[in-house]
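Everything below belongs to entry27.csv, which stores CSV, C-alpha atoms.
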```csv
chain,number,residue,atom,x,y,z
U,177,MET,CA,0.0,0.0,0.0
U,178,HIS,CA,1.4,3.4,-1.0
U,179,HIS,CA,1.6,6.0,1.7
U,180,GLU,CA,2.1,9.7,0.9
U,181,PRO,CA,4.9,11.3,2.8
U,182,PRO,CA,3.6,13.4,5.7
U,183,ILE,CA,3.3,17.1,5.1
U,184,LEU,CA,5.0,18.6,8.1
U,185,TRP,CA,4.8,22.3,7.2
U,186,HIS,CA,3.8,24.8,4.5
U,187,LEU,CA,6.6,27.1,3.2
U,188,HIS,CA,6.3,30.1,1.0
U,189,GLU,CA,9.7,31.7,0.2
U,190,GLY,CA,9.4,35.3,-0.6
U,191,ASP,CA,11.9,38.0,-1.7
U,192,GLY,CA,13.1,39.7,1.4
U,193,PRO,CA,14.9,39.2,4.7
U,194,LEU,CA,11.8,38.7,7.0
U,195,LEU,CA,10.7,35.2,8.0
U,196,GLY,CA,7.4,34.6,9.8
U,197,LEU,CA,7.0,31.4,11.8
U,198,ALA,CA,3.9,29.9,13.3
U,199,VAL,CA,5.1,26.6,14.9
U,200,HIS,CA,2.1,26.2,17.3
U,201,ALA,CA,-0.7,26.9,14.9
U,202,GLY,CA,-0.9,23.3,13.7
U,203,HIS,CA,-3.6,20.9,15.0
U,204,GLU,CA,-2.8,17.6,13.3
U,205,ILE,CA,-1.8,14.5,15.1
U,206,ARG,CA,-0.4,11.4,13.3
U,207,PRO,CA,-3.1,8.7,13.1
U,208,GLU,CA,-0.8,6.1,14.8
U,209,LEU,CA,-0.7,8.4,17.9
U,210,MET,CA,-4.4,8.9,18.2
U,211,PRO,CA,-5.2,5.6,20.2
U,212,TRP,CA,-2.7,6.8,22.9
U,213,LEU,CA,-4.1,10.3,23.1
U,214,ALA,CA,-5.9,11.2,26.4
U,215,ILE,CA,-6.3,14.9,25.9
U,216,ASP,CA,-9.6,16.0,24.2
U,217,GLU,CA,-9.6,18.0,21.0
U,218,ALA,CA,-11.1,21.2,22.6
U,219,THR,CA,-8.4,21.3,25.3
U,220,ARG,CA,-5.7,20.6,22.6
U,221,PHE,CA,-7.0,23.5,20.5
U,222,ARG,CA,-7.1,25.8,23.5
U,223,GLU,CA,-3.4,25.3,24.1
U,224,GLU,CA,-2.4,25.7,20.5
U,225,ASP,CA,-1.9,29.1,18.8
U,226,PRO,CA,-4.7,29.5,16.2
U,227,TYR,CA,-4.5,32.5,13.8
U,228,THR,CA,-0.8,33.0,14.3
U,229,ASP,CA,-0.3,31.4,10.9
U,230,TYR,CA,-2.5,34.2,9.3
U,231,TRP,CA,-0.3,36.9,10.8
U,232,THR,CA,2.8,35.5,9.1
U,233,LEU,CA,1.4,37.0,5.9
U,234,ALA,CA,2.9,40.3,7.1
U,235,PHE,CA,6.4,39.0,6.2
U,236,ASP,CA,8.3,38.0,3.1
U,237,THR,CA,8.6,34.3,3.9
U,238,GLN,CA,6.2,32.1,5.9
U,239,LEU,CA,6.9,28.7,7.5
U,240,LEU,CA,3.8,27.2,9.0
U,241,THR,CA,3.9,23.8,10.8
U,242,ARG,CA,1.0,21.5,10.5
U,243,ARG,CA,1.4,19.2,13.5
U,244,SER,CA,0.1,20.0,17.0
U,245,ARG,CA,2.5,21.0,19.7
U,246,PHE,CA,1.1,18.0,21.6
U,247,GLU,CA,2.7,15.6,19.0
U,248,VAL,CA,6.0,17.5,19.1
U,249,ASP,CA,6.7,21.0,20.4
U,250,LEU,CA,9.0,22.6,18.0
U,251,ASN,CA,9.8,25.5,20.3
U,252,ARG,CA,11.5,23.2,22.8
U,253,ARG,CA,14.7,21.3,22.7
U,254,ALA,CA,14.4,17.8,21.5
U,255,ASP,CA,14.8,16.3,25.0
U,256,GLU,CA,11.7,18.2,26.2
U,257,ALA,CA,9.7,18.4,23.0
U,258,ILE,CA,7.2,15.6,23.9
U,259,CYS,CA,4.9,16.0,26.8
U,260,VAL,CA,5.6,12.7,28.5
U,261,GLN,CA,4.0,13.6,31.8
U,262,PRO,CA,1.4,16.3,32.9
U,263,ALA,CA,4.1,18.5,34.5
U,264,ASP,CA,5.5,18.9,31.0
U,265,CYS,CA,2.4,20.6,29.7
U,266,TRP,CA,0.3,22.8,32.1
U,267,ASN,CA,-0.6,19.7,34.1
U,268,LEU,CA,-2.6,18.2,31.3
U,269,GLN,CA,-2.8,14.5,30.8
U,270,VAL,CA,-1.8,14.2,27.1
U,271,TRP,CA,-1.3,10.5,26.9
U,272,LYS,CA,-3.2,7.5,28.3
U,273,GLU,CA,0.1,5.8,29.1
U,274,ARG,CA,3.6,6.2,28.0
U,275,ILE,CA,3.8,5.9,24.2
U,276,PRO,CA,6.2,3.4,22.7
U,277,ASP,CA,9.7,4.6,22.0
U,278,GLU,CA,9.4,4.0,18.2
U,279,LEU,CA,6.5,6.5,18.1
U,280,ILE,CA,8.6,9.0,20.2
U,281,GLN,CA,11.4,8.6,17.7
U,282,ARG,CA,9.2,9.4,14.8
U,283,SER,CA,8.0,12.6,16.5
U,284,LEU,CA,11.6,13.5,17.3
U,285,ALA,CA,12.5,12.9,13.6
U,286,GLU,CA,9.9,15.6,12.7
U,287,HIS,CA,11.6,17.9,15.2
U,288,ALA,CA,15.0,17.3,13.6
U,289,ALA,CA,13.6,17.8,10.1
U,290,PHE,CA,12.1,21.2,11.1
U,291,TYR,CA,15.3,22.5,12.5
U,292,ARG,CA,17.2,21.4,9.4
U,293,GLU,CA,14.7,23.3,7.3
U,294,LEU,CA,14.9,26.4,9.6
U,295,GLU,CA,18.7,26.4,9.4
U,296,ARG,CA,18.6,26.1,5.6
U,297,LEU,CA,16.1,29.0,5.4
U,298,CYS,CA,18.2,31.2,7.7
U,299,ARG,CA,21.4,30.3,5.8
U,300,THR,CA,19.7,31.3,2.5
U,301,LEU,CA,18.5,34.6,4.0
U,302,GLU,CA,22.0,35.3,5.4
U,303,ASP,CA,23.6,34.6,2.0
U,304,ARG,CA,21.1,36.8,0.1
U,305,PHE,CA,20.6,39.7,2.5
U,306,GLY,CA,23.4,39.7,5.1
U,307,HIS,CA,20.9,40.0,7.9
U,308,PHE,CA,17.5,38.7,8.6
U,309,VAL,CA,14.7,38.9,11.2
U,310,VAL,CA,12.6,35.9,12.3
U,311,PHE,CA,9.1,36.8,13.7
U,312,ASP,CA,8.3,33.8,15.9
U,313,LEU,CA,4.6,34.2,16.4
U,314,HIS,CA,2.6,32.7,19.3
U,315,SER,CA,-0.5,33.4,21.4
U,316,TYR,CA,-1.2,32.7,25.0
U,317,ASN,CA,-4.1,32.1,27.3
U,318,HIS,CA,-5.1,34.5,30.0
U,319,ARG,CA,-8.4,33.0,31.3
U,320,ARG,CA,-7.3,29.7,32.7
U,321,ALA,CA,-9.9,30.0,35.4
U,322,GLY,CA,-12.6,29.6,32.8
U,323,THR,CA,-14.7,32.1,30.8
U,324,ALA,CA,-16.5,33.3,33.9
U,325,GLY,CA,-13.4,33.4,36.0
U,326,PRO,CA,-11.0,36.2,36.5
U,327,ALA,CA,-8.6,37.1,33.7
U,328,ALA,CA,-4.8,37.0,34.4
U,329,ASP,CA,-3.4,40.2,35.9
U,330,PRO,CA,-2.8,42.7,33.1
U,331,ALA,CA,0.2,44.0,35.0
U,332,THR,CA,2.1,40.9,34.2
U,333,ASN,CA,0.3,39.8,31.0
U,334,PRO,CA,0.7,42.4,28.3
U,335,GLU,CA,-1.4,42.2,25.1
U,336,ILE,CA,1.8,41.7,23.2
U,337,ASN,CA,4.9,40.4,24.8
U,338,VAL,CA,8.1,40.7,22.7
U,339,GLY,CA,10.7,38.1,23.8
U,340,THR,CA,14.3,39.0,23.3
U,341,GLY,CA,15.9,36.9,26.0
U,342,SER,CA,18.6,35.1,24.0
U,343,MET,CA,19.6,37.8,21.6
U,344,ASP,CA,22.6,40.1,21.7
U,345,ARG,CA,20.3,42.9,22.8
U,346,PRO,CA,22.7,45.9,22.4
U,347,ARG,CA,23.4,44.7,18.8
U,348,TRP,CA,19.7,44.8,17.9
U,349,GLN,CA,18.7,47.6,20.2
U,350,GLN,CA,17.5,50.1,17.5
U,351,LEU,CA,15.6,47.4,15.6
U,352,VAL,CA,13.8,46.0,18.7
U,353,ASP,CA,13.0,49.4,20.2
U,354,GLY,CA,11.7,50.7,16.9
U,355,PHE,CA,9.5,47.6,16.4
U,356,ILE,CA,8.0,47.8,19.9
U,357,ASP,CA,7.4,51.6,19.4
U,358,ASP,CA,5.7,50.9,16.1
U,359,LEU,CA,3.4,48.3,17.7
U,360,ARG,CA,2.6,50.6,20.6
U,361,ASN,CA,1.8,53.6,18.4
U,362,PHE,CA,-0.4,51.7,16.0
U,363,ASP,CA,-4.1,52.8,16.0
U,364,PHE,CA,-5.7,49.5,17.0
U,365,LEU,CA,-9.4,50.1,16.5
U,366,GLY,CA,-9.2,53.4,18.3
U,367,ARG,CA,-6.8,52.5,21.0
U,368,HIS,CA,-3.2,51.5,21.6
U,369,LEU,CA,-2.1,48.0,22.6
U,370,ASP,CA,-0.1,47.2,25.8
U,371,VAL,CA,3.2,46.0,24.2
U,372,ARG,CA,6.1,45.1,26.5
U,373,GLU,CA,9.4,43.2,26.4
U,374,ASN,CA,10.3,40.0,28.3
U,375,ILE,CA,7.5,40.3,30.9
U,376,ASN,CA,6.2,36.8,30.9
U,377,PHE,CA,8.0,35.2,27.9
U,378,ARG,CA,11.6,35.6,26.8
U,379,GLY,CA,11.6,33.3,23.8
U,380,ARG,CA,12.6,29.6,23.8
U,381,HIS,CA,14.4,27.1,21.6
U,382,ILE,CA,13.7,28.6,18.2
U,383,ALA,CA,15.2,32.0,19.3
U,384,GLU,CA,18.2,30.3,21.0
U,385,PHE,CA,18.8,28.1,17.9
U,386,VAL,CA,18.9,31.0,15.5
U,387,HIS,CA,20.9,33.3,17.8
U,388,THR,CA,23.5,30.6,18.4
U,389,ARG,CA,24.0,29.6,14.8
U,390,PHE,CA,23.6,33.1,13.3
U,391,PRO,CA,25.0,35.4,16.0
U,392,ASN,CA,25.8,38.2,13.6
U,393,ALA,CA,23.1,37.9,11.0
U,394,GLY,CA,19.9,36.7,12.7
U,395,CYS,CA,17.5,38.5,15.0
U,396,VAL,CA,14.5,36.6,16.4
U,397,LEU,CA,11.6,38.4,17.9
U,398,ALA,CA,9.5,35.9,19.9
U,399,ILE,CA,6.1,37.5,19.8
U,400,GLU,CA,3.3,36.3,22.2
U,401,VAL,CA,-0.2,37.8,21.6
U,402,LYS,CA,-2.6,37.5,24.5
U,403,LYS,CA,-5.8,35.9,23.3
U,404,PHE,CA,-7.8,39.1,23.8
U,405,PHE,CA,-8.9,38.7,20.2
U,406,MET,CA,-10.7,35.5,20.8
U,407,ASP,CA,-12.6,33.4,23.4
U,408,GLU,CA,-9.9,30.9,24.3
U,409,TRP,CA,-12.5,28.4,25.7
U,410,SER,CA,-14.8,28.3,22.7
U,411,GLY,CA,-12.1,28.9,20.1
U,412,ARG,CA,-14.2,31.6,18.4
U,413,ALA,CA,-12.3,34.7,17.3
U,414,ASP,CA,-13.2,38.3,16.6
U,415,SER,CA,-12.4,38.4,12.9
U,416,LEU,CA,-12.0,42.2,12.9
U,417,GLN,CA,-9.3,42.0,15.6
U,418,VAL,CA,-7.6,39.1,13.9
U,419,GLN,CA,-7.4,41.1,10.7
U,420,THR,CA,-6.2,44.3,12.5
U,421,LEU,CA,-3.4,42.3,14.2
U,422,LEU,CA,-2.2,41.4,10.7
U,423,GLU,CA,-2.3,45.1,9.8
U,424,LEU,CA,-0.4,45.9,13.0
U,425,PHE,CA,2.5,43.6,12.0
U,426,ARG,CA,2.4,44.9,8.4
U,427,ALA,CA,2.7,48.5,9.7
U,428,ALA,CA,5.8,47.6,11.6
U,429,VAL,CA,7.6,46.1,8.6
U,430,PRO,CA,9.0,49.3,7.0
U,431,GLY,CA,10.7,50.4,10.2
U,432,VAL,CA,12.3,46.9,10.6
U,433,LEU,CA,13.6,46.9,7.1
U,434,GLU,CA,14.9,50.4,7.4
U,435,THR,CA,16.9,49.6,10.6
U,436,LEU,CA,18.0,46.2,9.2
U,437,ALA,CA,19.6,48.0,6.3
U,438,THR,CA,21.9,49.8,8.7
U,439,GLN,CA,23.1,46.7,10.6
```

Could you render the structure as structure tokens?
Amino acid sequence: MHHEPPILWHLHEGDGPLLGLAVHAGHEIRPELMPWLAIDEATRFREEDPYTDYWTLAFDTQLLTRRSRFEVDLNRRADEAICVQPADCWNLQVWKERIPDELIQRSLAEHAAFYRELERLCRTLEDRFGHFVVFDLHSYNHRRAGTAGPAADPATNPEINVGTGSMDRPRWQQLVDGFIDDLRNFDFLGRHLDVRENINFRGRHIAEFVHTRFPNAGCVLAIEVKKFFMDEWSGRADSLQVQTLLELFRAAVPGVLETLATQ
């Protein structure tokens, strides 16, 4: 019986130095893993990052992964990319019992394949443009007590958190500061968003990977958007806010390109 090779990601390579990533937008799980899965689909969807794939359209190149973070989390090192026990994933019981090693190895092979592709893409951008910026797009929950429960404290949960924890911050200071200013100054449906740096997220393995391998050429902005634009429990989003977030990121692109040209 002929099996089609699995499609692990969608890639559109554009003509510019900006790469948009959405590694947690995927929802697919390999069929061979489904009998082992304990987590229900609604909970899985709630902890994934829907709509982040749409926002990558603001950038020249888009890399969108298809698989759920519960199959393999591409923003973690390989040794922690699979939620073996509840403590690994927000105390959620992902698997009914420990999955066989051969299935784990297939998931880790996907992890390795993604990082080979990411390194290839970054090398191409470095060779063509000298410098490049990766927009590592995520979203995060802020109503973990339920729809009727209290929202997370806004003081420590900005609407947009820009993670820069692993970069050479002085080297990229003008670019990062300009990007954050542009997001803050954008007219978001008659108001300004609360945009801050490294408040509750500093970036994880993707940022570390790129910054380690491309220390002079690569800048990763790990962007976490609070799910103010949707009901994280039902999964329903406000389409106008989703669209306006895309326009927000598009509006920040000219300043990023201008600064990148001076690096």

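The residue that comes closest to Thr300 in chain U, out of U:Leu195, U:Ala263, U:Val429, U:Ile183 and on the basis of all atoms listed in the file, is U:Leu195.
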
Find the residue from U:Arg360, U:Arg282, U:Arg389, U:His203 that sits nearest to Tyr227 in chain U; use only C-alpha atoms when measuring.
U:His203

So which one's closest to Ala327 in chain U, U:Leu397, U:Asp249, U:Asp407, U:Phe305? Using all atoms listed in the file, please.
U:Asp407

Could you jot down the CA of Ala285 in chain U to CA of Gly190 in chain U separation for me, Å, one decimal place?
26.7 Å

In Å, rounded to a single decimal, give me how far CA of Val199 in chain U is from CA of Gly354 in chain U.
25.1 Å

Write out as a PyMOL selection string the residues lying within 9 Å of range 419-421 of chain U, counting all atoms listed in the file and excluding same-chain residues fewer than 6 positions away.
chain U and resi 230-231+364-365+405

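The coordinates place CA of Leu250 in chain U at 9.5 Å from CA of Leu284 in chain U.
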
Show which residues sit within 7 Å of Asp225 in chain U, as a ChimeraX atom specification. Count all atoms listed in the file, and ignore same-chain residues fewer than 5 positions away.
/U:200-201,314-315

So which one's closest to Gly431 in chain U, U:Asn337, U:Thr388, U:Asn376, U:Val352? Using all atoms listed in the file, please.
U:Val352

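Closest approach to Tyr316 in chain U among U:Ala427, U:Leu194, U:Ile382, U:Ile336 is made by U:Ile336 (distances from all atoms listed in the file).
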
Using all atoms listed in the file and a cutoff of 12 Å, can you tell me which residues are near (22.4, 36.0, 17.0) in the file's coordinates, and write them out as an MDAnalysis selection string?
chainID U and resid 298 302 307:310 340:348 382:397
